[in-house]
Structure formats: C-alpha cells, structure tokens
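Shown next: protein-v6.tsv, given as TSV, C-alpha atoms.
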chain	number	residue	atom	x	y	z
A	1	ASN	CA	-9.21	38.94	-26.63
A	2	ALA	CA	-8.41	41.96	-24.46
A	3	GLY	CA	-10.07	44.64	-26.62
A	4	VAL	CA	-9.13	48.14	-25.39
A	5	THR	CA	-6.85	48.24	-22.34
A	6	GLN	CA	-6.22	51.38	-20.32
A	7	THR	CA	-3.62	51.82	-17.60
A	8	PRO	CA	-3.53	52.90	-14.85
A	9	LYS	CA	-7.06	52.57	-13.46
A	10	PHE	CA	-6.51	55.25	-10.85
A	11	GLN	CA	-3.95	58.04	-10.49
A	12	VAL	CA	-3.42	60.97	-8.15
A	13	LEU	CA	-1.15	63.78	-9.29
A	14	LYS	CA	-0.01	67.04	-7.80
A	15	THR	CA	-0.42	70.25	-9.79
A	16	GLY	CA	2.43	70.60	-12.26
A	17	GLN	CA	3.34	66.92	-12.43
A	18	SER	CA	3.36	65.09	-15.72
A	19	MET	CA	2.13	61.65	-16.63
A	20	THR	CA	1.07	59.45	-19.51
A	21	LEU	CA	-2.20	57.55	-19.71
A	22	GLN	CA	-1.73	54.38	-21.70
A	23	CYS	CA	-4.20	52.92	-24.20
A	24	ALA	CA	-3.69	49.77	-26.24
A	25	GLN	CA	-6.02	47.80	-28.51
A	26	ASP	CA	-5.54	44.39	-30.08
A	27	MET	CA	-8.28	44.56	-32.72
A	28	ASN	CA	-6.16	46.19	-35.44
A	29	HIS	CA	-8.43	49.24	-35.36
A	30	GLU	CA	-7.30	52.24	-37.37
A	31	TYR	CA	-9.27	54.81	-35.39
A	32	MET	CA	-8.52	55.65	-31.76
A	33	SER	CA	-9.64	58.50	-29.57
A	34	TRP	CA	-9.53	59.92	-26.05
A	35	TYR	CA	-12.50	61.34	-24.15
A	36	ARG	CA	-12.91	62.84	-20.72
A	37	GLN	CA	-16.07	62.29	-18.73
A	38	ASP	CA	-17.20	64.95	-16.28
A	39	PRO	CA	-20.49	65.19	-14.35
A	40	GLY	CA	-23.08	67.15	-16.30
A	41	MET	CA	-20.81	67.48	-19.32
A	42	GLY	CA	-20.91	64.01	-20.80
A	43	LEU	CA	-18.00	62.72	-22.82
A	44	ARG	CA	-15.87	65.33	-24.53
A	45	LEU	CA	-13.39	64.46	-27.26
A	46	ILE	CA	-9.79	65.39	-26.45
A	47	HIS	CA	-7.74	64.01	-29.37
A	48	TYR	CA	-8.23	61.36	-32.00
A	49	SER	CA	-6.24	59.46	-34.60
A	50	VAL	CA	-7.33	57.92	-37.90
A	51	GLY	CA	-4.18	55.84	-38.22
A	52	ALA	CA	-0.53	55.49	-37.25
A	53	GLY	CA	1.31	58.79	-37.60
A	54	ILE	CA	-1.89	60.86	-37.81
A	55	THR	CA	-3.51	62.74	-34.93
A	56	ASP	CA	-5.97	65.59	-34.66
A	57	GLN	CA	-7.58	67.74	-32.00
A	58	GLY	CA	-11.03	67.23	-30.58
A	59	GLU	CA	-13.24	69.56	-28.56
A	60	VAL	CA	-10.96	70.03	-25.52
A	61	PRO	CA	-7.32	69.44	-26.56
A	62	ASN	CA	-5.58	72.07	-24.42
A	63	GLY	CA	-3.19	70.64	-21.84
A	64	TYR	CA	-2.97	67.26	-23.56
A	65	ASN	CA	-0.60	65.76	-26.13
A	66	VAL	CA	-0.91	62.54	-28.11
A	67	SER	CA	1.12	60.53	-30.57
A	68	ARG	CA	0.37	57.43	-32.64
A	69	SER	CA	3.56	55.59	-33.52
A	70	THR	CA	1.84	52.20	-33.86
A	71	THR	CA	-1.65	51.03	-34.74
A	72	GLU	CA	-2.02	49.41	-31.32
A	73	ASP	CA	-1.07	52.24	-28.95
A	74	PHE	CA	-2.41	55.74	-28.40
A	75	PRO	CA	-0.96	57.34	-25.23
A	76	LEU	CA	-2.31	60.57	-23.76
A	77	ARG	CA	0.22	62.87	-22.10
A	78	LEU	CA	-0.40	65.53	-19.50
A	79	LEU	CA	2.70	67.74	-19.48
A	80	SER	CA	1.77	69.87	-16.46
A	81	ALA	CA	-1.30	68.63	-14.63
A	82	ALA	CA	-3.93	71.09	-13.39
A	83	PRO	CA	-6.90	70.54	-11.04
A	84	SER	CA	-9.21	71.18	-14.01
A	85	GLN	CA	-7.92	67.95	-15.50
A	86	THR	CA	-9.43	65.91	-12.70
A	87	SER	CA	-11.73	63.59	-14.61
A	88	VAL	CA	-12.35	60.07	-15.84
A	89	TYR	CA	-10.56	59.41	-19.11
A	90	PHE	CA	-11.76	56.92	-21.70
A	91	CYS	CA	-9.95	55.57	-24.69
A	92	ALA	CA	-11.93	54.15	-27.61
A	93	SER	CA	-11.17	52.47	-30.91
A	94	SER	CA	-13.07	51.54	-34.04
A	95	SER	CA	-12.43	50.02	-37.43
A	96	PRO	CA	-13.00	51.85	-40.72
A	97	GLY	CA	-15.64	50.87	-43.22
A	98	PRO	CA	-19.26	49.97	-42.46
A	99	ALA	CA	-18.48	49.42	-38.78
A	100	SER	CA	-16.79	52.79	-38.39
A	101	LEU	CA	-17.78	54.93	-35.45
A	102	VAL	CA	-18.93	51.82	-33.57
A	103	PHE	CA	-16.60	52.40	-30.68
A	104	HIS	CA	-15.02	49.91	-28.32
A	105	PHE	CA	-14.19	51.57	-25.02
A	106	GLY	CA	-11.64	50.90	-22.34
A	107	ASN	CA	-12.51	50.72	-18.67
A	108	GLY	CA	-11.34	54.24	-17.99
A	109	THR	CA	-8.67	55.96	-15.89
A	110	ARG	CA	-9.81	58.02	-12.92
A	111	LEU	CA	-7.40	60.92	-12.49
A	112	THR	CA	-7.33	63.30	-9.55
A	113	VAL	CA	-5.10	66.39	-9.59
A	114	THR	CA	-4.59	68.09	-6.24
B	1	ALA	CA	-20.52	71.98	-36.24
B	2	GLN	CA	-21.66	68.75	-34.61
B	3	ARG	CA	-23.80	69.08	-31.51
B	4	VAL	CA	-25.86	66.66	-29.45
B	5	THR	CA	-28.41	67.72	-26.85
B	6	GLN	CA	-29.86	65.45	-24.19
B	7	PRO	CA	-32.17	67.69	-22.17
B	8	GLU	CA	-32.78	65.34	-19.23
B	9	LYS	CA	-30.01	64.59	-16.74
B	10	LEU	CA	-32.16	62.11	-14.84
B	11	LEU	CA	-35.22	60.09	-15.77
B	12	SER	CA	-36.94	58.04	-13.09
B	13	VAL	CA	-39.70	55.54	-13.85
B	14	PHE	CA	-41.28	52.50	-12.28
B	15	LYS	CA	-40.82	49.01	-13.67
B	16	GLY	CA	-43.24	48.37	-16.53
B	17	ALA	CA	-43.65	52.04	-17.42
B	18	PRO	CA	-42.74	53.34	-20.89
B	19	VAL	CA	-39.44	55.13	-21.30
B	20	GLU	CA	-38.35	57.82	-23.75
B	21	LEU	CA	-34.88	59.33	-23.55
B	22	LYS	CA	-34.63	62.42	-25.70
B	23	CYS	CA	-31.82	63.29	-28.09
B	24	ASN	CA	-31.61	66.16	-30.55
B	25	TYR	CA	-28.72	66.86	-32.86
B	26	SER	CA	-27.26	69.55	-35.07
B	27	TYR	CA	-25.19	68.59	-38.09
B	28	SER	CA	-24.93	69.98	-41.60
B	29	GLY	CA	-24.04	66.70	-43.28
B	30	SER	CA	-25.62	63.26	-43.38
B	31	PRO	CA	-25.73	62.13	-39.75
B	32	GLU	CA	-25.03	58.81	-38.12
B	33	LEU	CA	-26.68	58.48	-34.72
B	34	PHE	CA	-25.90	56.08	-31.92
B	35	TRP	CA	-27.01	55.27	-28.41
B	36	TYR	CA	-24.32	54.09	-25.99
B	37	VAL	CA	-25.02	52.73	-22.51
B	38	GLN	CA	-22.91	52.50	-19.38
B	39	TYR	CA	-24.14	50.10	-16.71
B	40	SER	CA	-22.79	50.37	-13.18
B	41	ARG	CA	-19.14	49.29	-13.01
B	42	GLN	CA	-19.06	48.38	-16.71
B	43	ARG	CA	-17.46	50.03	-19.68
B	44	LEU	CA	-19.38	52.14	-22.15
B	45	GLN	CA	-20.89	49.99	-24.90
B	46	LEU	CA	-22.94	50.43	-28.03
B	47	LEU	CA	-26.67	49.91	-27.56
B	48	LEU	CA	-27.90	50.63	-31.07
B	49	ARG	CA	-27.26	52.70	-34.19
B	50	HIS	CA	-29.83	54.20	-36.51
B	51	ILE	CA	-28.73	52.49	-39.71
B	52	SER	CA	-29.23	49.06	-38.13
B	53	ARG	CA	-32.91	49.74	-37.49
B	54	GLU	CA	-33.02	46.97	-34.92
B	55	SER	CA	-34.36	46.57	-31.43
B	56	ILE	CA	-31.80	45.84	-28.73
B	57	LYS	CA	-32.96	44.78	-25.25
B	58	GLY	CA	-36.40	46.09	-26.21
B	59	PHE	CA	-35.08	49.56	-27.05
B	60	THR	CA	-35.72	51.26	-30.38
B	61	ALA	CA	-34.74	54.63	-31.80
B	62	ASP	CA	-35.90	56.28	-34.99
B	63	LEU	CA	-33.99	59.00	-36.75
B	64	ASN	CA	-36.28	61.95	-37.51
B	65	LYS	CA	-34.37	64.26	-39.82
B	66	GLY	CA	-37.18	66.81	-39.88
B	67	GLU	CA	-37.07	67.25	-36.12
B	68	THR	CA	-33.35	66.40	-35.93
B	69	SER	CA	-34.10	63.90	-33.20
B	70	PHE	CA	-33.10	60.35	-32.29
B	71	HIS	CA	-35.12	59.54	-29.19
B	72	LEU	CA	-34.62	56.19	-27.44
B	73	LYS	CA	-37.79	54.33	-26.49
B	74	LYS	CA	-38.82	51.23	-24.63
B	75	PRO	CA	-42.46	50.31	-23.98
B	76	PHE	CA	-41.91	48.53	-20.65
B	77	ALA	CA	-38.90	49.46	-18.52
B	78	GLN	CA	-37.03	46.83	-16.50
B	79	GLU	CA	-34.90	47.35	-13.39
B	80	GLU	CA	-31.83	46.14	-15.29
B	81	ASP	CA	-32.26	49.07	-17.70
B	82	SER	CA	-30.99	51.41	-15.00
B	83	ALA	CA	-27.84	52.95	-16.45
B	84	MET	CA	-26.33	56.05	-18.01
B	85	TYR	CA	-27.36	56.56	-21.63
B	86	TYR	CA	-25.44	58.66	-24.11
B	87	CYS	CA	-26.59	59.78	-27.53
B	88	ALA	CA	-23.75	60.19	-30.02
B	89	LEU	CA	-23.42	61.81	-33.44
B	90	GLY	CA	-21.07	61.04	-36.28
B	91	GLY	CA	-21.32	61.46	-40.01
B	92	TYR	CA	-20.06	60.34	-43.37
B	93	ASN	CA	-17.82	63.38	-43.76
B	94	THR	CA	-16.41	63.54	-40.26
B	95	ASP	CA	-14.03	61.40	-38.24
B	96	LYS	CA	-15.43	62.60	-34.94
B	97	LEU	CA	-18.01	60.97	-32.70
B	98	ILE	CA	-19.57	63.62	-30.48
B	99	PHE	CA	-21.50	62.65	-27.36
B	100	GLY	CA	-24.32	64.33	-25.50
B	101	THR	CA	-24.22	65.04	-21.79
B	102	GLY	CA	-26.01	61.80	-20.95
B	103	THR	CA	-29.25	60.82	-19.22
B	104	ARG	CA	-29.28	58.65	-16.14
B	105	LEU	CA	-32.23	56.26	-16.20
B	106	GLN	CA	-33.45	54.92	-12.87
B	107	VAL	CA	-36.05	52.17	-12.93
B	108	PHE	CA	-37.68	51.52	-9.56
B	109	PRO	CA	-39.30	48.18	-8.64

Would you kindly transcribe this structure into structure tokens?
Amino acid sequence: NAGVTQTPKFQVLKTGQSMTLQCAQDMNHEYMSWYRQDPGMGLRLIHYSVGAGITDQGEVPNGYNVSRSTTEDFPLRLLSAAPSQTSVYFCASSSPGPASLVFHFGNGTRLTVT
Amino acid sequence: AQRVTQPEKLLSVFKGAPVELKCNYSYSGSPELFWYVQYSRQRLQLLLRHISRESIKGFTADLNKGETSFHLKKPFAQEEDSAMYYCALGGYNTDKLIFGTGTRLQVFP
C-alpha cells in the first residue's frame, strides 16, 4: 500500500520555468491538499480539494494552480517559477467522516528556483 | 479566521526531563486540534488528536477551551523524541487544516 506518493523528490528550476508537482494517493481519500514548508513559517496551505472536480484556495495560493480530475491525483502547477517559491512541498490526503482531517502525508518535493 | 501559535522554535531538554510544547489557537467555531510529528528523514505523521484523549508514545495533550490551548506534554523525555512537532487546527465547519510554525524538540543524552 503506497499511501501518498509525490514526484519528483528534488527539482531545480530557473526563474520563469514551469513545472508540475505530482501527487497520487491509493486510499480512495476524498480530501487532498498541498502545503509548503519554509523555515520559521511552518506548513502553509496552498490549495485543497474536497473531491474530484472541486478545488479551493488556501493561505498562499498565488503563483500556483491545481486541478482534481480524479480522486487519486492532485497535481500542483507552477506556471512561472520565482525564487520565492523555493521550498519543500507536501501533499496530504484524508478521508471524510470521523477520520477527517487525519492527514496522510507524502515524502515531500524539495524545489529550488534560481 | 483559523490561527495556530507555537511560541517556541526550539526546545532543548535532557533525557528524563519533562517536556511541554506550547500551542495556542484562535477559532470561532468548535475546534479540532492535532499534534503532528516529523522525525528526521521521515514523513510528517499524526501523533495525537484531542478527541481521542489517548496517550501516544507517552505524550498527552489536553484541549483547554478557556485558555484556547492544546499543549503537548511528556513527563520523561527520551532521545528518540527528538523531532519537529507541529500543532494543527481544524474544525467541524471548515475543510482546512492549519498548522503552526512548529517546535523543534532536542533531547540530549
């Protein structure tokens, strides 16, 4: 059982380049979300989704796009990377009901923008 | 608005000493509080949640609605407790889980 899988693990981009961070889960979780982790700032919510076809903004959505075409996948797109987006990105999922908000996290993607 | 405050960036103790990691929250609805832990080179994982009212790895946390706090406590710290600890806030009328800035716990032998 893979849980939450993020790819790639590491990525270096130049300013202005675009890329997609992949996130997939095999637990049939309705809820998925993306966070960025920065020193001294903790984890900040970028975007989240409560189910296929539904997405919403978190605390720091600017510069990022998401879509949720399937229950399993929740990719995060950077259309024009900026140095301020250098961070570690975590994807998380959870099921609705009594276990909701008990998140399962991926291993993270470390992104550097030069 | 949801807000979580963890005032300590770093907490250093010796093995066997008591530990208290502080967490305060702000939320207008009925809160759900969690503690997540990230050990070195491991993914973030749930440590405990307030509605479970259980002790995990010797850690406990009590929700104090009057003081809007959810401090994490352990009477006798172990070296393997060294990790990054995050307090997180959700609620029954929100889909968001908001994290604090984290506290790094270092337990020295």

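Using all atoms listed in the file, the residues found no farther than 10 Å from Pro7 in chain B, other than those of its own chain fewer than 3 positions away, are Val4, Leu10, Leu21, Lys22, Cys23, Asn24, Gly100, Thr101, Gly102 and Thr103 of chain B.
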
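Picture a line from CA of Asp81 in chain B to CA of Leu43 in chain A; it runs 20.4 Å.
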
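Interatomic distance, CA of Leu44 in chain B against CA of Phe90 in chain A: 9.0 Å.
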
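With all atoms listed in the file as the basis for measurement, B:Phe34 is the residue among B:Phe59, B:Phe70, B:Phe34, B:Tyr39 that approaches chain A most closely.
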
At a cut-off of 12 Å, using all atoms listed in the file, what residues contact range 2-14 of chain A? Leave out same-chain residues fewer than 5 positions from it and give the result as an mmCIF file with C-alpha atoms, in the frame of the given file.
data_model
loop_
_atom_site.group_PDB
_atom_site.id
_atom_site.type_symbol
_atom_site.label_atom_id
_atom_site.label_comp_id
_atom_site.auth_asym_id
_atom_site.auth_seq_id
_atom_site.Cartn_x
_atom_site.Cartn_y
_atom_site.Cartn_z
ATOM 1 C CA MET A 19 2.130 61.650 -16.630
ATOM 2 C CA THR A 20 1.070 59.450 -19.510
ATOM 3 C CA LEU A 21 -2.200 57.550 -19.710
ATOM 4 C CA GLN A 22 -1.730 54.380 -21.700
ATOM 5 C CA CYS A 23 -4.200 52.920 -24.200
ATOM 6 C CA ALA A 24 -3.690 49.770 -26.240
ATOM 7 C CA GLN A 25 -6.020 47.800 -28.510
ATOM 8 C CA ASP A 26 -5.540 44.390 -30.080
ATOM 9 C CA MET A 27 -8.280 44.560 -32.720
ATOM 10 C CA ASN A 28 -6.160 46.190 -35.440
ATOM 11 C CA HIS A 29 -8.430 49.240 -35.360
ATOM 12 C CA MET A 32 -8.520 55.650 -31.760
ATOM 13 C CA SER A 33 -9.640 58.500 -29.570
ATOM 14 C CA TRP A 34 -9.530 59.920 -26.050
ATOM 15 C CA GLU A 72 -2.020 49.410 -31.320
ATOM 16 C CA ASP A 73 -1.070 52.240 -28.950
ATOM 17 C CA PHE A 74 -2.410 55.740 -28.400
ATOM 18 C CA PRO A 75 -0.960 57.340 -25.230
ATOM 19 C CA LEU A 76 -2.310 60.570 -23.760
ATOM 20 C CA LEU A 78 -0.400 65.530 -19.500
ATOM 21 C CA LEU A 79 2.700 67.740 -19.480
ATOM 22 C CA SER A 80 1.770 69.870 -16.460
ATOM 23 C CA ALA A 81 -1.300 68.630 -14.630
ATOM 24 C CA ALA A 82 -3.930 71.090 -13.390
ATOM 25 C CA PRO A 83 -6.900 70.540 -11.040
ATOM 26 C CA SER A 84 -9.210 71.180 -14.010
ATOM 27 C CA GLN A 85 -7.920 67.950 -15.500
ATOM 28 C CA THR A 86 -9.430 65.910 -12.700
ATOM 29 C CA SER A 87 -11.730 63.590 -14.610
ATOM 30 C CA VAL A 88 -12.350 60.070 -15.840
ATOM 31 C CA TYR A 89 -10.560 59.410 -19.110
ATOM 32 C CA PHE A 90 -11.760 56.920 -21.700
ATOM 33 C CA CYS A 91 -9.950 55.570 -24.690
ATOM 34 C CA ALA A 92 -11.930 54.150 -27.610
ATOM 35 C CA SER A 93 -11.170 52.470 -30.910
ATOM 36 C CA SER A 94 -13.070 51.540 -34.040
ATOM 37 C CA PHE A 103 -16.600 52.400 -30.680
ATOM 38 C CA HIS A 104 -15.020 49.910 -28.320
ATOM 39 C CA PHE A 105 -14.190 51.570 -25.020
ATOM 40 C CA GLY A 106 -11.640 50.900 -22.340
ATOM 41 C CA ASN A 107 -12.510 50.720 -18.670
ATOM 42 C CA GLY A 108 -11.340 54.240 -17.990
ATOM 43 C CA THR A 109 -8.670 55.960 -15.890
ATOM 44 C CA ARG A 110 -9.810 58.020 -12.920
ATOM 45 C CA LEU A 111 -7.400 60.920 -12.490
ATOM 46 C CA THR A 112 -7.330 63.300 -9.550
ATOM 47 C CA VAL A 113 -5.100 66.390 -9.590
ATOM 48 C CA THR A 114 -4.590 68.090 -6.240
ATOM 49 C CA ARG B 43 -17.460 50.030 -19.680
ATOM 50 C CA LEU B 44 -19.380 52.140 -22.150
ATOM 51 C CA GLN B 45 -20.890 49.990 -24.900
#
